[in-house]
file start08.cif (mmCIF, C-alpha atoms and all ligand atoms)
data_input
#
loop_
_atom_site.label_atom_id
_atom_site.label_comp_id
_atom_site.auth_asym_id
_atom_site.auth_seq_id
_atom_site.Cartn_x
_atom_site.Cartn_y
_atom_site.Cartn_z
CA MET A 1 6.77 -15.04 23.43
CA ARG A 2 8.07 -13.16 20.39
CA THR A 3 10.20 -15.33 18.11
CA THR A 4 11.80 -15.12 14.70
CA LEU A 5 11.02 -17.97 12.31
CA THR A 6 12.29 -18.83 8.85
CA VAL A 7 9.67 -20.34 6.55
CA PRO A 8 10.63 -22.04 3.26
CA ALA A 9 8.86 -20.15 0.48
CA ASP A 10 9.01 -19.11 -3.14
CA PRO A 11 10.95 -17.12 -4.38
CA ALA A 12 13.09 -17.34 -1.20
CA PRO A 13 12.75 -18.25 2.48
CA VAL A 14 10.85 -15.64 4.46
CA VAL A 15 11.73 -14.53 7.99
CA LEU A 16 8.74 -13.91 10.26
CA ASP A 17 8.58 -12.14 13.58
CA THR A 18 5.70 -13.80 15.41
CA GLY A 19 5.00 -10.55 17.25
CA SER A 20 4.27 -8.66 14.05
CA THR A 21 2.67 -11.40 11.95
CA ALA A 22 -1.04 -12.12 11.64
CA LEU A 23 -2.97 -14.97 10.06
CA LEU A 24 -5.61 -13.57 7.71
CA VAL A 25 -8.45 -15.98 6.87
CA ILE A 26 -10.42 -14.60 3.94
CA ASP A 27 -14.10 -15.36 3.30
CA MET A 28 -14.28 -19.03 4.33
CA GLN A 29 -18.04 -18.61 4.21
CA ARG A 30 -20.82 -21.17 3.72
CA ASP A 31 -22.11 -19.26 0.68
CA PHE A 32 -18.84 -20.01 -1.11
CA LEU A 33 -18.04 -23.47 0.26
CA LEU A 34 -21.19 -25.48 0.93
CA PRO A 35 -22.94 -27.74 -1.59
CA GLY A 36 -26.10 -26.04 -2.84
CA GLY A 37 -24.84 -22.61 -1.86
CA PHE A 38 -24.17 -19.47 -3.87
CA GLY A 39 -20.84 -20.68 -5.26
CA GLU A 40 -22.26 -23.97 -6.47
CA SER A 41 -25.36 -22.25 -7.91
CA LEU A 42 -22.99 -20.40 -10.24
CA GLY A 43 -21.83 -23.72 -11.65
CA ASN A 44 -18.69 -24.05 -9.56
CA ASP A 45 -17.14 -27.15 -8.03
CA VAL A 46 -17.16 -26.33 -4.32
CA GLY A 47 -15.02 -29.39 -3.62
CA ARG A 48 -12.05 -27.35 -4.76
CA LEU A 49 -12.64 -24.84 -1.99
CA GLN A 50 -13.40 -27.50 0.59
CA GLN A 51 -9.91 -28.96 0.04
CA VAL A 52 -8.59 -25.86 1.75
CA VAL A 53 -10.35 -26.58 5.04
CA PRO A 54 -8.15 -29.38 6.53
CA PRO A 55 -4.75 -27.66 6.00
CA LEU A 56 -6.17 -24.30 7.01
CA ARG A 57 -7.62 -25.82 10.14
CA ARG A 58 -4.16 -27.06 11.12
CA VAL A 59 -2.61 -23.67 10.38
CA LEU A 60 -5.31 -21.93 12.38
CA ALA A 61 -4.71 -24.18 15.40
CA ALA A 62 -0.94 -23.68 15.23
CA CYS A 63 -1.14 -19.90 14.80
CA ARG A 64 -3.52 -19.66 17.74
CA GLU A 65 -1.21 -21.75 19.88
CA ALA A 66 1.81 -19.68 18.85
CA GLY A 67 -0.04 -16.53 19.87
CA LEU A 68 -0.37 -14.92 16.43
CA LEU A 69 -3.19 -12.51 15.81
CA VAL A 70 -5.90 -14.25 13.76
CA VAL A 71 -8.23 -12.08 11.67
CA HIS A 72 -11.20 -13.47 9.73
CA THR A 73 -13.06 -11.69 6.95
CA ARG A 74 -16.51 -12.15 5.43
CA GLU A 75 -17.70 -10.72 2.14
CA GLY A 76 -21.27 -9.46 2.38
CA HIS A 77 -23.73 -6.64 2.58
CA LEU A 78 -26.24 -4.95 4.80
CA PRO A 79 -29.78 -6.38 4.55
CA ASP A 80 -30.95 -3.30 2.62
CA LEU A 81 -27.94 -3.69 0.25
CA SER A 82 -27.16 0.02 0.63
CA ASP A 83 -23.45 -0.81 0.79
CA CYS A 84 -23.51 -2.80 -2.44
CA PRO A 85 -22.69 -0.73 -5.51
CA PRO A 86 -25.18 -1.19 -8.39
CA ALA A 87 -22.31 -2.36 -10.57
CA LYS A 88 -21.76 -5.30 -8.21
CA LEU A 89 -25.45 -5.96 -7.58
CA GLY A 90 -26.35 -6.21 -11.24
CA ARG A 91 -23.76 -8.82 -12.15
CA GLY A 92 -24.03 -12.59 -12.12
CA ALA A 93 -26.74 -15.07 -12.99
CA PRO A 94 -30.14 -13.32 -12.75
CA SER A 95 -31.57 -15.79 -10.21
CA SER A 96 -28.42 -15.90 -8.04
CA ARG A 97 -27.56 -12.33 -7.29
CA ILE A 98 -26.49 -10.77 -4.04
CA GLY A 99 -29.54 -10.38 -1.80
CA ASP A 100 -31.60 -13.05 -3.60
CA PRO A 101 -32.89 -16.01 -1.60
CA GLY A 102 -30.49 -18.94 -1.68
CA ARG A 103 -30.25 -22.35 -0.01
CA TYR A 104 -28.62 -20.79 3.06
CA GLY A 105 -30.58 -17.55 3.26
CA ARG A 106 -30.22 -14.34 1.30
CA ILE A 107 -27.02 -14.52 -0.71
CA LEU A 108 -24.05 -12.70 0.86
CA VAL A 109 -26.23 -10.76 3.27
CA ARG A 110 -24.92 -10.19 6.79
CA GLY A 111 -26.70 -12.15 9.47
CA GLU A 112 -27.76 -14.94 7.10
CA TYR A 113 -26.56 -18.50 7.73
CA GLY A 114 -24.76 -18.67 4.41
CA HIS A 115 -22.85 -15.47 5.05
CA ASP A 116 -21.13 -16.89 8.10
CA ILE A 117 -17.88 -18.83 8.31
CA VAL A 118 -17.91 -22.64 8.02
CA ASP A 119 -18.08 -24.47 11.35
CA GLU A 120 -14.62 -26.05 11.03
CA LEU A 121 -12.96 -22.61 10.95
CA ALA A 122 -15.29 -20.72 13.27
CA PRO A 123 -13.64 -17.69 14.87
CA LEU A 124 -12.89 -17.93 18.57
CA PRO A 125 -14.34 -15.30 20.90
CA GLY A 126 -12.12 -12.22 20.69
CA GLU A 127 -10.77 -12.92 17.19
CA PRO A 128 -11.60 -10.01 14.90
CA VAL A 129 -14.11 -10.72 12.13
CA VAL A 130 -13.94 -8.01 9.47
CA ASP A 131 -17.09 -7.60 7.38
CA LYS A 132 -16.20 -6.28 3.97
CA PRO A 133 -18.45 -5.11 1.16
CA GLY A 134 -15.73 -5.44 -1.47
CA LYS A 135 -13.33 -8.05 -2.69
CA GLY A 136 -10.35 -6.56 -0.89
CA ALA A 137 -10.23 -6.76 2.91
CA PHE A 138 -8.93 -3.20 3.26
CA TYR A 139 -11.64 -1.45 1.24
CA ALA A 140 -14.29 0.19 3.49
CA THR A 141 -13.18 -1.75 6.59
CA ASP A 142 -11.20 -1.09 9.76
CA LEU A 143 -8.64 -3.79 8.97
CA GLU A 144 -5.73 -1.38 8.56
CA ASP A 145 -6.51 0.32 11.88
CA ARG A 146 -6.64 -3.05 13.60
CA LEU A 147 -3.30 -4.15 12.12
CA ARG A 148 -1.64 -0.87 13.01
CA ALA A 149 -2.95 -1.04 16.57
CA THR A 150 -1.36 -4.44 17.05
CA GLY A 151 1.92 -3.69 15.24
CA VAL A 152 1.33 -6.22 12.47
CA ARG A 153 3.55 -5.86 9.39
CA THR A 154 3.36 -9.34 7.85
CA LEU A 155 0.26 -11.25 6.77
CA LEU A 156 -0.06 -15.00 6.34
CA VAL A 157 -2.80 -14.98 3.75
CA THR A 158 -5.34 -17.81 3.45
CA GLY A 159 -8.92 -18.25 2.28
CA VAL A 160 -10.98 -18.00 -0.90
CA THR A 161 -10.98 -17.36 -3.70
CA THR A 162 -7.36 -17.15 -4.78
CA GLU A 163 -7.93 -14.97 -7.83
CA VAL A 164 -10.62 -12.72 -6.37
CA CYS A 165 -10.67 -11.79 -2.70
CA VAL A 166 -7.26 -13.25 -1.84
CA HIS A 167 -5.54 -11.50 -4.74
CA THR A 168 -7.34 -8.21 -4.25
CA THR A 169 -6.41 -8.23 -0.58
CA VAL A 170 -2.77 -9.08 -1.26
CA ARG A 171 -2.57 -6.22 -3.75
CA GLU A 172 -4.19 -3.80 -1.32
CA ALA A 173 -1.85 -4.97 1.44
CA ASN A 174 1.21 -4.45 -0.77
CA ASP A 175 0.22 -0.91 -1.56
CA ARG A 176 -0.06 -0.28 2.19
CA GLY A 177 3.41 -1.68 2.89
CA TYR A 178 2.55 -5.09 4.33
CA GLU A 179 4.58 -8.21 3.60
CA CYS A 180 2.33 -11.02 2.37
CA VAL A 181 2.98 -14.75 2.56
CA VAL A 182 0.29 -16.68 0.69
CA LEU A 183 -0.10 -20.29 1.82
CA GLY A 184 -0.81 -22.09 -1.44
CA ASP A 185 -2.76 -25.07 -0.06
CA CYS A 186 -4.73 -22.80 2.27
CA VAL A 187 -6.13 -20.66 -0.53
CA GLY A 188 -8.60 -22.03 -3.05
CA SER A 189 -10.20 -21.37 -6.37
CA TYR A 190 -13.06 -23.03 -8.22
CA ASP A 191 -10.78 -22.98 -11.27
CA PRO A 192 -7.44 -24.86 -11.19
CA GLU A 193 -5.89 -22.57 -13.79
CA PHE A 194 -6.83 -19.46 -11.80
CA GLN A 195 -5.30 -21.13 -8.73
CA ARG A 196 -2.04 -21.87 -10.53
CA VAL A 197 -1.71 -18.49 -12.16
CA GLY A 198 -2.91 -16.63 -9.07
CA LEU A 199 -0.14 -18.11 -6.98
CA ALA A 200 2.46 -17.71 -9.72
CA MET A 201 1.69 -13.98 -9.94
CA VAL A 202 2.38 -13.47 -6.24
CA SER A 203 5.94 -14.77 -6.28
CA ALA A 204 6.89 -13.81 -9.86
CA GLN A 205 9.74 -11.42 -10.56
CA GLY A 206 11.46 -12.05 -7.24
CA GLY A 207 8.27 -11.63 -5.21
CA LEU A 208 6.00 -9.19 -7.03
CA PHE A 209 3.39 -9.30 -4.28
CA GLY A 210 5.24 -11.39 -1.71
CA TRP A 211 5.94 -15.04 -1.06
CA VAL A 212 4.15 -18.32 -1.69
CA SER A 213 4.57 -21.03 0.89
CA ASP A 214 2.31 -23.80 2.22
CA SER A 215 0.87 -25.24 5.40
CA ALA A 216 3.58 -27.87 5.87
CA ALA A 217 6.36 -25.29 5.63
CA LEU A 218 4.65 -22.96 8.08
CA LEU A 219 3.76 -25.73 10.53
CA GLY A 220 7.35 -26.94 10.42
CA ALA A 221 8.64 -23.48 11.23
CA LEU A 222 6.09 -23.07 14.03
CA ALA A 223 6.77 -26.54 15.47
CA PRO A 224 9.05 -25.32 18.30
CA LEU A 225 6.15 -23.15 19.51
CA THR A 226 3.29 -25.59 19.08
CA THR A 227 1.99 -29.04 19.90
CA THR A 228 -1.25 -29.04 17.92
CA THR A 229 -0.01 -29.33 14.37
CA ALA A 230 -1.42 -32.82 13.73
CA PRO A 231 -4.49 -33.07 11.48
CA THR A 232 -7.76 -32.92 13.34
CA PRO A 233 -10.53 -35.30 12.28
C1 LIG B 1 -15.81 -13.93 -4.80
C2 LIG B 1 -14.33 -14.07 -2.92
N1 LIG B 1 -15.16 -14.84 -5.49
N2 LIG B 1 -14.34 -14.17 -1.59
N3 LIG B 1 -15.47 -13.65 -3.52
O1 LIG B 1 -16.74 -13.34 -5.31
O2 LIG B 1 -13.36 -14.38 -3.56
#
call {"tool": "encode", "arguments": {"input": "start08.cif", "output": "structure tokens"}}
result
Amino acid sequence: MRTTLTVPADPAPVVLDTGSTALLVIDMQRDFLLPGGFGESLGNDVGRLQQVVPPLRRVLAACREAGLLVVHTREGHLPDLSDCPPAKLGRGAPSSRIGDPGRYGRILVRGEYGHDIVDELAPLPGEPVVDKPGKGAFYATDLEDRLRATGVRTLLVTGVTTEVCVHTTVREANDRGYECVVLGDCVGSYDPEFQRVGLAMVSAQGGLFGWVSDSAALLGALAPLTTTTAPTP
């Protein structure tokens, strides 16, 4: 059933049409989130990203129950790395570069264990999983075609990391005319300052890139359509 919802948000409440709104879950991959994985090998505190999982799990359950389109993305490359520009391949710590062996298989290579989405947020059969070689989810993917085909105009944006793939995607989406609502506790950064500033940039100047809300506000708005908003163990 198509319904209009009002979600408290910054800089102002946002009105959503459930028929034209999708939940976008960006790069909740083992390589970024698991202890010993790529993200941690770069000196990052993966606990900061893991904090995102419980609220995002609740949002995912509620959006599924409310009948919203759910789209997942994964950052990664073909096994021969032919889709990875040299400028991207050559960056980072010399022993932890894309394609190198890591704790969970070759780093950010499609088909490897570490490239896939964490178990708690595993896509359901039929939910699109967009494999992207870049930071933005629109670059070199069929995401825009998929959204057009389903009439989506508004994106509830979640995932990691706030300042990299989330921000790049929100910027790409804005330039393509989509409305973006970033759920602040469902996006994560290894760096608290990047998290703060990343969110502030979205809603600055009356909504430069869209709105910032959170899981509680969305779950409250979805409550008339759902029963599964309680935390899952
Ligand atoms: C990064 C991402 N941080 N998914 N990727 O390299 O944000």
call {"tool": "closest_residue", "arguments": {"input": "start08.cif", "among": "A:Glu163, A:Arg153, A:Val170, A:Tyr178", "to": "Glu193 of chain A", "atoms": "all atoms listed in the file"}}
result
A:Glu163
call {"tool": "closest_atom_pairs", "arguments": {"input": "start08.cif", "of": "chain A", "to": "ligand LIG 1 (chain B)", "cutoff": "12 Å", "atoms": "all atoms listed in the file", "output": "Markdown table"}}
result
| residue | atom | partner | partner_atom | distance |
| --- | --- | --- | --- | --- |
| A:Val25 | CA | B:LIG1 | N2 | 10.5 |
| A:Ile26 | CA | B:LIG1 | N2 | 6.8 |
| A:Asp27 | CA | B:LIG1 | N2 | 5.0 |
| A:Met28 | CA | B:LIG1 | N2 | 7.7 |
| A:Gln29 | CA | B:LIG1 | N2 | 8.2 |
| A:Arg30 | CA | B:LIG1 | N2 | 10.9 |
| A:Asp31 | CA | B:LIG1 | N2 | 9.6 |
| A:Phe32 | CA | B:LIG1 | N2 | 7.4 |
| A:Leu33 | CA | B:LIG1 | N2 | 10.2 |
| A:Phe38 | CA | B:LIG1 | O1 | 9.7 |
| A:Gly39 | CA | B:LIG1 | N1 | 8.1 |
| A:Glu40 | CA | B:LIG1 | N1 | 11.6 |
| A:Leu42 | CA | B:LIG1 | O1 | 10.6 |
| A:Asn44 | CA | B:LIG1 | N1 | 10.7 |
| A:Val46 | CA | B:LIG1 | N1 | 11.7 |
| A:Leu49 | CA | B:LIG1 | O2 | 10.6 |
| A:His72 | CA | B:LIG1 | N2 | 11.8 |
| A:Thr73 | CA | B:LIG1 | N2 | 9.0 |
| A:Arg74 | CA | B:LIG1 | N2 | 7.6 |
| A:Glu75 | CA | B:LIG1 | N2 | 6.1 |
| A:Gly76 | CA | B:LIG1 | N2 | 9.3 |
| A:Lys88 | CA | B:LIG1 | O1 | 9.9 |
| A:Leu89 | CA | B:LIG1 | O1 | 11.6 |
| A:Arg91 | CA | B:LIG1 | O1 | 10.8 |
| A:Gly92 | CA | B:LIG1 | O1 | 10.0 |
| A:Arg97 | CA | B:LIG1 | O1 | 11.0 |
| A:Ile98 | CA | B:LIG1 | O1 | 10.2 |
| A:Ile107 | CA | B:LIG1 | O1 | 11.3 |
| A:Leu108 | CA | B:LIG1 | O1 | 9.6 |
| A:His115 | CA | B:LIG1 | N2 | 10.9 |
| A:Ile117 | CA | B:LIG1 | N2 | 11.5 |
| A:Asp131 | CA | B:LIG1 | N2 | 11.5 |
| A:Lys132 | CA | B:LIG1 | N2 | 9.8 |
| A:Pro133 | CA | B:LIG1 | N3 | 10.2 |
| A:Gly134 | CA | B:LIG1 | N3 | 8.5 |
| A:Lys135 | CA | B:LIG1 | N3 | 6.1 |
| A:Gly136 | CA | B:LIG1 | N2 | 8.6 |
| A:Ala137 | CA | B:LIG1 | N2 | 9.6 |
| A:Thr158 | CA | B:LIG1 | N2 | 10.9 |
| A:Gly159 | CA | B:LIG1 | N2 | 7.8 |
| A:Val160 | CA | B:LIG1 | O2 | 5.1 |
| A:Thr161 | CA | B:LIG1 | O2 | 3.8 |
| A:Thr162 | CA | B:LIG1 | O2 | 6.7 |
| A:Glu163 | CA | B:LIG1 | O2 | 6.9 |
| A:Val164 | CA | B:LIG1 | O2 | 4.3 |
| A:Cys165 | CA | B:LIG1 | O2 | 3.8 |
| A:Val166 | CA | B:LIG1 | O2 | 6.4 |
| A:His167 | CA | B:LIG1 | O2 | 8.4 |
| A:Thr168 | CA | B:LIG1 | O2 | 8.6 |
| A:Thr169 | CA | B:LIG1 | O2 | 9.7 |
| A:Val187 | CA | B:LIG1 | O2 | 10.0 |
| A:Gly188 | CA | B:LIG1 | O2 | 9.0 |
| A:Ser189 | CA | B:LIG1 | O2 | 8.2 |
| A:Tyr190 | CA | B:LIG1 | N1 | 8.9 |
| A:Asp191 | CA | B:LIG1 | N1 | 10.9 |
| A:Phe194 | CA | B:LIG1 | N1 | 11.4 |
| A:Gln195 | CA | B:LIG1 | O2 | 11.7 |
call {"tool": "write_last_selection", "arguments": {"input": "start08.cif", "atoms": "C-alpha atoms", "output": "mmCIF file, in the frame of the given file"}}
result
data_model
loop_
_atom_site.group_PDB
_atom_site.id
_atom_site.type_symbol
_atom_site.label_atom_id
_atom_site.label_comp_id
_atom_site.auth_asym_id
_atom_site.auth_seq_id
_atom_site.Cartn_x
_atom_site.Cartn_y
_atom_site.Cartn_z
ATOM 1 C CA VAL A 25 -8.450 -15.980 6.870
ATOM 2 C CA ILE A 26 -10.420 -14.600 3.940
ATOM 3 C CA ASP A 27 -14.100 -15.360 3.300
ATOM 4 C CA MET A 28 -14.280 -19.030 4.330
ATOM 5 C CA GLN A 29 -18.040 -18.610 4.210
ATOM 6 C CA ARG A 30 -20.820 -21.170 3.720
ATOM 7 C CA ASP A 31 -22.110 -19.260 0.680
ATOM 8 C CA PHE A 32 -18.840 -20.010 -1.110
ATOM 9 C CA LEU A 33 -18.040 -23.470 0.260
ATOM 10 C CA PHE A 38 -24.170 -19.470 -3.870
ATOM 11 C CA GLY A 39 -20.840 -20.680 -5.260
ATOM 12 C CA GLU A 40 -22.260 -23.970 -6.470
ATOM 13 C CA LEU A 42 -22.990 -20.400 -10.240
ATOM 14 C CA ASN A 44 -18.690 -24.050 -9.560
ATOM 15 C CA VAL A 46 -17.160 -26.330 -4.320
ATOM 16 C CA LEU A 49 -12.640 -24.840 -1.990
ATOM 17 C CA HIS A 72 -11.200 -13.470 9.730
ATOM 18 C CA THR A 73 -13.060 -11.690 6.950
ATOM 19 C CA ARG A 74 -16.510 -12.150 5.430
ATOM 20 C CA GLU A 75 -17.700 -10.720 2.140
ATOM 21 C CA GLY A 76 -21.270 -9.460 2.380
ATOM 22 C CA LYS A 88 -21.760 -5.300 -8.210
ATOM 23 C CA LEU A 89 -25.450 -5.960 -7.580
ATOM 24 C CA ARG A 91 -23.760 -8.820 -12.150
ATOM 25 C CA GLY A 92 -24.030 -12.590 -12.120
ATOM 26 C CA ARG A 97 -27.560 -12.330 -7.290
ATOM 27 C CA ILE A 98 -26.490 -10.770 -4.040
ATOM 28 C CA ILE A 107 -27.020 -14.520 -0.710
ATOM 29 C CA LEU A 108 -24.050 -12.700 0.860
ATOM 30 C CA HIS A 115 -22.850 -15.470 5.050
ATOM 31 C CA ILE A 117 -17.880 -18.830 8.310
ATOM 32 C CA ASP A 131 -17.090 -7.600 7.380
ATOM 33 C CA LYS A 132 -16.200 -6.280 3.970
ATOM 34 C CA PRO A 133 -18.450 -5.110 1.160
ATOM 35 C CA GLY A 134 -15.730 -5.440 -1.470
ATOM 36 C CA LYS A 135 -13.330 -8.050 -2.690
ATOM 37 C CA GLY A 136 -10.350 -6.560 -0.890
ATOM 38 C CA ALA A 137 -10.230 -6.760 2.910
ATOM 39 C CA THR A 158 -5.340 -17.810 3.450
ATOM 40 C CA GLY A 159 -8.920 -18.250 2.280
ATOM 41 C CA VAL A 160 -10.980 -18.000 -0.900
ATOM 42 C CA THR A 161 -10.980 -17.360 -3.700
ATOM 43 C CA THR A 162 -7.360 -17.150 -4.780
ATOM 44 C CA GLU A 163 -7.930 -14.970 -7.830
ATOM 45 C CA VAL A 164 -10.620 -12.720 -6.370
ATOM 46 C CA CYS A 165 -10.670 -11.790 -2.700
ATOM 47 C CA VAL A 166 -7.260 -13.250 -1.840
ATOM 48 C CA HIS A 167 -5.540 -11.500 -4.740
ATOM 49 C CA THR A 168 -7.340 -8.210 -4.250
ATOM 50 C CA THR A 169 -6.410 -8.230 -0.580
ATOM 51 C CA VAL A 187 -6.130 -20.660 -0.530
ATOM 52 C CA GLY A 188 -8.600 -22.030 -3.050
ATOM 53 C CA SER A 189 -10.200 -21.370 -6.370
ATOM 54 C CA TYR A 190 -13.060 -23.030 -8.220
ATOM 55 C CA ASP A 191 -10.780 -22.980 -11.270
ATOM 56 C CA PHE A 194 -6.830 -19.460 -11.800
ATOM 57 C CA GLN A 195 -5.300 -21.130 -8.730
#
call {"tool": "closest_residue", "arguments": {"input": "start08.cif", "among": "A:Val181, A:Val212, A:Met201, A:Leu60", "to": "Pro123 of chain A", "atoms": "all atoms listed in the file"}}
result
A:Leu60
call {"tool": "closest_residue", "arguments": {"input": "start08.cif", "among": "A:Gly114, A:Gly19, A:Pro101, A:Gly198", "to": "Gly37 of chain A", "atoms": "all atoms listed in the file"}}
result
A:Gly114
call {"tool": "atom_distance", "arguments": {"input": "start08.cif", "atom1": "atom CA of Pro79 of chain A", "atom2": "atom CA of Glu172 of chain A"}}
result
26.4 Å
call {"tool": "atom_distance", "arguments": {"input": "start08.cif", "atom1": "atom CA of Arg148 of chain A", "atom2": "atom CA of Val71 of chain A"}}
result
13.1 Å
call {"tool": "build_atoms", "arguments": {"input": "start08.cif", "residues": "segment 67-75 of chain A", "atoms": "all heavy atoms", "output": "PDB file, in the coordinates of the input"}}
result
ATOM      1  N   GLY A  67       0.290 -17.882  19.403  1.00  0.00           N
ATOM      2  CA  GLY A  67      -0.040 -16.530  19.870  1.00  0.00           C
ATOM      3  C   GLY A  67      -0.120 -15.480  18.780  1.00  0.00           C
ATOM      4  O   GLY A  67      -0.113 -14.278  19.075  1.00  0.00           O
ATOM      5  N   LEU A  68      -0.225 -15.896  17.515  1.00  0.00           N
ATOM      6  CA  LEU A  68      -0.370 -14.920  16.430  1.00  0.00           C
ATOM      7  C   LEU A  68      -1.781 -14.336  16.437  1.00  0.00           C
ATOM      8  O   LEU A  68      -2.745 -15.025  16.780  1.00  0.00           O
ATOM      9  CB  LEU A  68      -0.134 -15.590  15.073  1.00  0.00           C
ATOM     10  CG  LEU A  68       1.296 -15.558  14.527  1.00  0.00           C
ATOM     11  CD1 LEU A  68       2.260 -16.290  15.430  1.00  0.00           C
ATOM     12  CD2 LEU A  68       1.325 -16.174  13.126  1.00  0.00           C
ATOM     13  N   LEU A  69      -1.871 -13.106  16.025  1.00  0.00           N
ATOM     14  CA  LEU A  69      -3.190 -12.510  15.810  1.00  0.00           C
ATOM     15  C   LEU A  69      -3.860 -13.265  14.653  1.00  0.00           C
ATOM     16  O   LEU A  69      -3.237 -13.508  13.613  1.00  0.00           O
ATOM     17  CB  LEU A  69      -3.052 -11.031  15.450  1.00  0.00           C
ATOM     18  CG  LEU A  69      -4.362 -10.312  15.092  1.00  0.00           C
ATOM     19  CD1 LEU A  69      -5.251 -10.154  16.326  1.00  0.00           C
ATOM     20  CD2 LEU A  69      -4.074  -8.935  14.473  1.00  0.00           C
ATOM     21  N   VAL A  70      -5.122 -13.618  14.833  1.00  0.00           N
ATOM     22  CA  VAL A  70      -5.900 -14.250  13.760  1.00  0.00           C
ATOM     23  C   VAL A  70      -7.052 -13.314  13.417  1.00  0.00           C
ATOM     24  O   VAL A  70      -7.816 -12.905  14.285  1.00  0.00           O
ATOM     25  CB  VAL A  70      -6.468 -15.618  14.216  1.00  0.00           C
ATOM     26  CG1 VAL A  70      -7.352 -16.211  13.122  1.00  0.00           C
ATOM     27  CG2 VAL A  70      -5.335 -16.578  14.576  1.00  0.00           C
ATOM     28  N   VAL A  71      -7.152 -12.967  12.133  1.00  0.00           N
ATOM     29  CA  VAL A  71      -8.230 -12.080  11.670  1.00  0.00           C
ATOM     30  C   VAL A  71      -9.008 -12.823  10.579  1.00  0.00           C
ATOM     31  O   VAL A  71      -8.415 -13.361   9.637  1.00  0.00           O
ATOM     32  CB  VAL A  71      -7.674 -10.761  11.084  1.00  0.00           C
ATOM     33  CG1 VAL A  71      -8.818  -9.861  10.621  1.00  0.00           C
ATOM     34  CG2 VAL A  71      -6.802 -10.033  12.101  1.00  0.00           C
ATOM     35  N   HIS A  72     -10.323 -12.856  10.733  1.00  0.00           N
ATOM     36  CA  HIS A  72     -11.200 -13.470   9.730  1.00  0.00           C
ATOM     37  C   HIS A  72     -11.908 -12.355   8.958  1.00  0.00           C
ATOM     38  O   HIS A  72     -12.190 -11.286   9.509  1.00  0.00           O
ATOM     39  CB  HIS A  72     -12.269 -14.333  10.406  1.00  0.00           C
ATOM     40  CG  HIS A  72     -11.731 -15.352  11.358  1.00  0.00           C
ATOM     41  ND1 HIS A  72     -11.608 -16.682  11.035  1.00  0.00           N
ATOM     42  CD2 HIS A  72     -11.276 -15.228  12.639  1.00  0.00           C
ATOM     43  CE1 HIS A  72     -11.116 -17.345  12.060  1.00  0.00           C
ATOM     44  NE2 HIS A  72     -10.904 -16.487  13.062  1.00  0.00           N
ATOM     45  N   THR A  73     -12.223 -12.644   7.693  1.00  0.00           N
ATOM     46  CA  THR A  73     -13.060 -11.690   6.950  1.00  0.00           C
ATOM     47  C   THR A  73     -14.277 -12.423   6.386  1.00  0.00           C
ATOM     48  O   THR A  73     -14.273 -13.641   6.207  1.00  0.00           O
ATOM     49  CB  THR A  73     -12.308 -11.020   5.790  1.00  0.00           C
ATOM     50  OG1 THR A  73     -12.113 -11.972   4.725  1.00  0.00           O
ATOM     51  CG2 THR A  73     -10.979 -10.445   6.222  1.00  0.00           C
ATOM     52  N   ARG A  74     -15.314 -11.627   6.115  1.00  0.00           N
ATOM     53  CA  ARG A  74     -16.510 -12.150   5.430  1.00  0.00           C
ATOM     54  C   ARG A  74     -16.924 -11.122   4.393  1.00  0.00           C
ATOM     55  O   ARG A  74     -17.035  -9.929   4.700  1.00  0.00           O
ATOM     56  CB  ARG A  74     -17.678 -12.325   6.418  1.00  0.00           C
ATOM     57  CG  ARG A  74     -17.423 -13.308   7.525  1.00  0.00           C
ATOM     58  CD  ARG A  74     -18.610 -13.480   8.445  1.00  0.00           C
ATOM     59  NE  ARG A  74     -18.963 -12.271   9.174  1.00  0.00           N
ATOM     60  CZ  ARG A  74     -19.688 -12.226  10.287  1.00  0.00           C
ATOM     61  NH1 ARG A  74     -20.166 -13.352  10.809  1.00  0.00           N
ATOM     62  NH2 ARG A  74     -19.962 -11.086  10.869  1.00  0.00           N
ATOM     63  N   GLU A  75     -17.168 -11.613   3.172  1.00  0.00           N
ATOM     64  CA  GLU A  75     -17.700 -10.720   2.140  1.00  0.00           C
ATOM     65  C   GLU A  75     -19.222 -10.706   2.271  1.00  0.00           C
ATOM     66  O   GLU A  75     -19.859 -11.763   2.350  1.00  0.00           O
ATOM     67  CB  GLU A  75     -17.324 -11.211   0.741  1.00  0.00           C
ATOM     68  CG  GLU A  75     -17.872 -10.284  -0.350  1.00  0.00           C
ATOM     69  CD  GLU A  75     -17.506 -10.724  -1.776  1.00  0.00           C
ATOM     70  OE1 GLU A  75     -16.722 -11.660  -1.930  1.00  0.00           O
ATOM     71  OE2 GLU A  75     -18.029 -10.093  -2.711  1.00  0.00           O
TER      72      GLU A  75
END
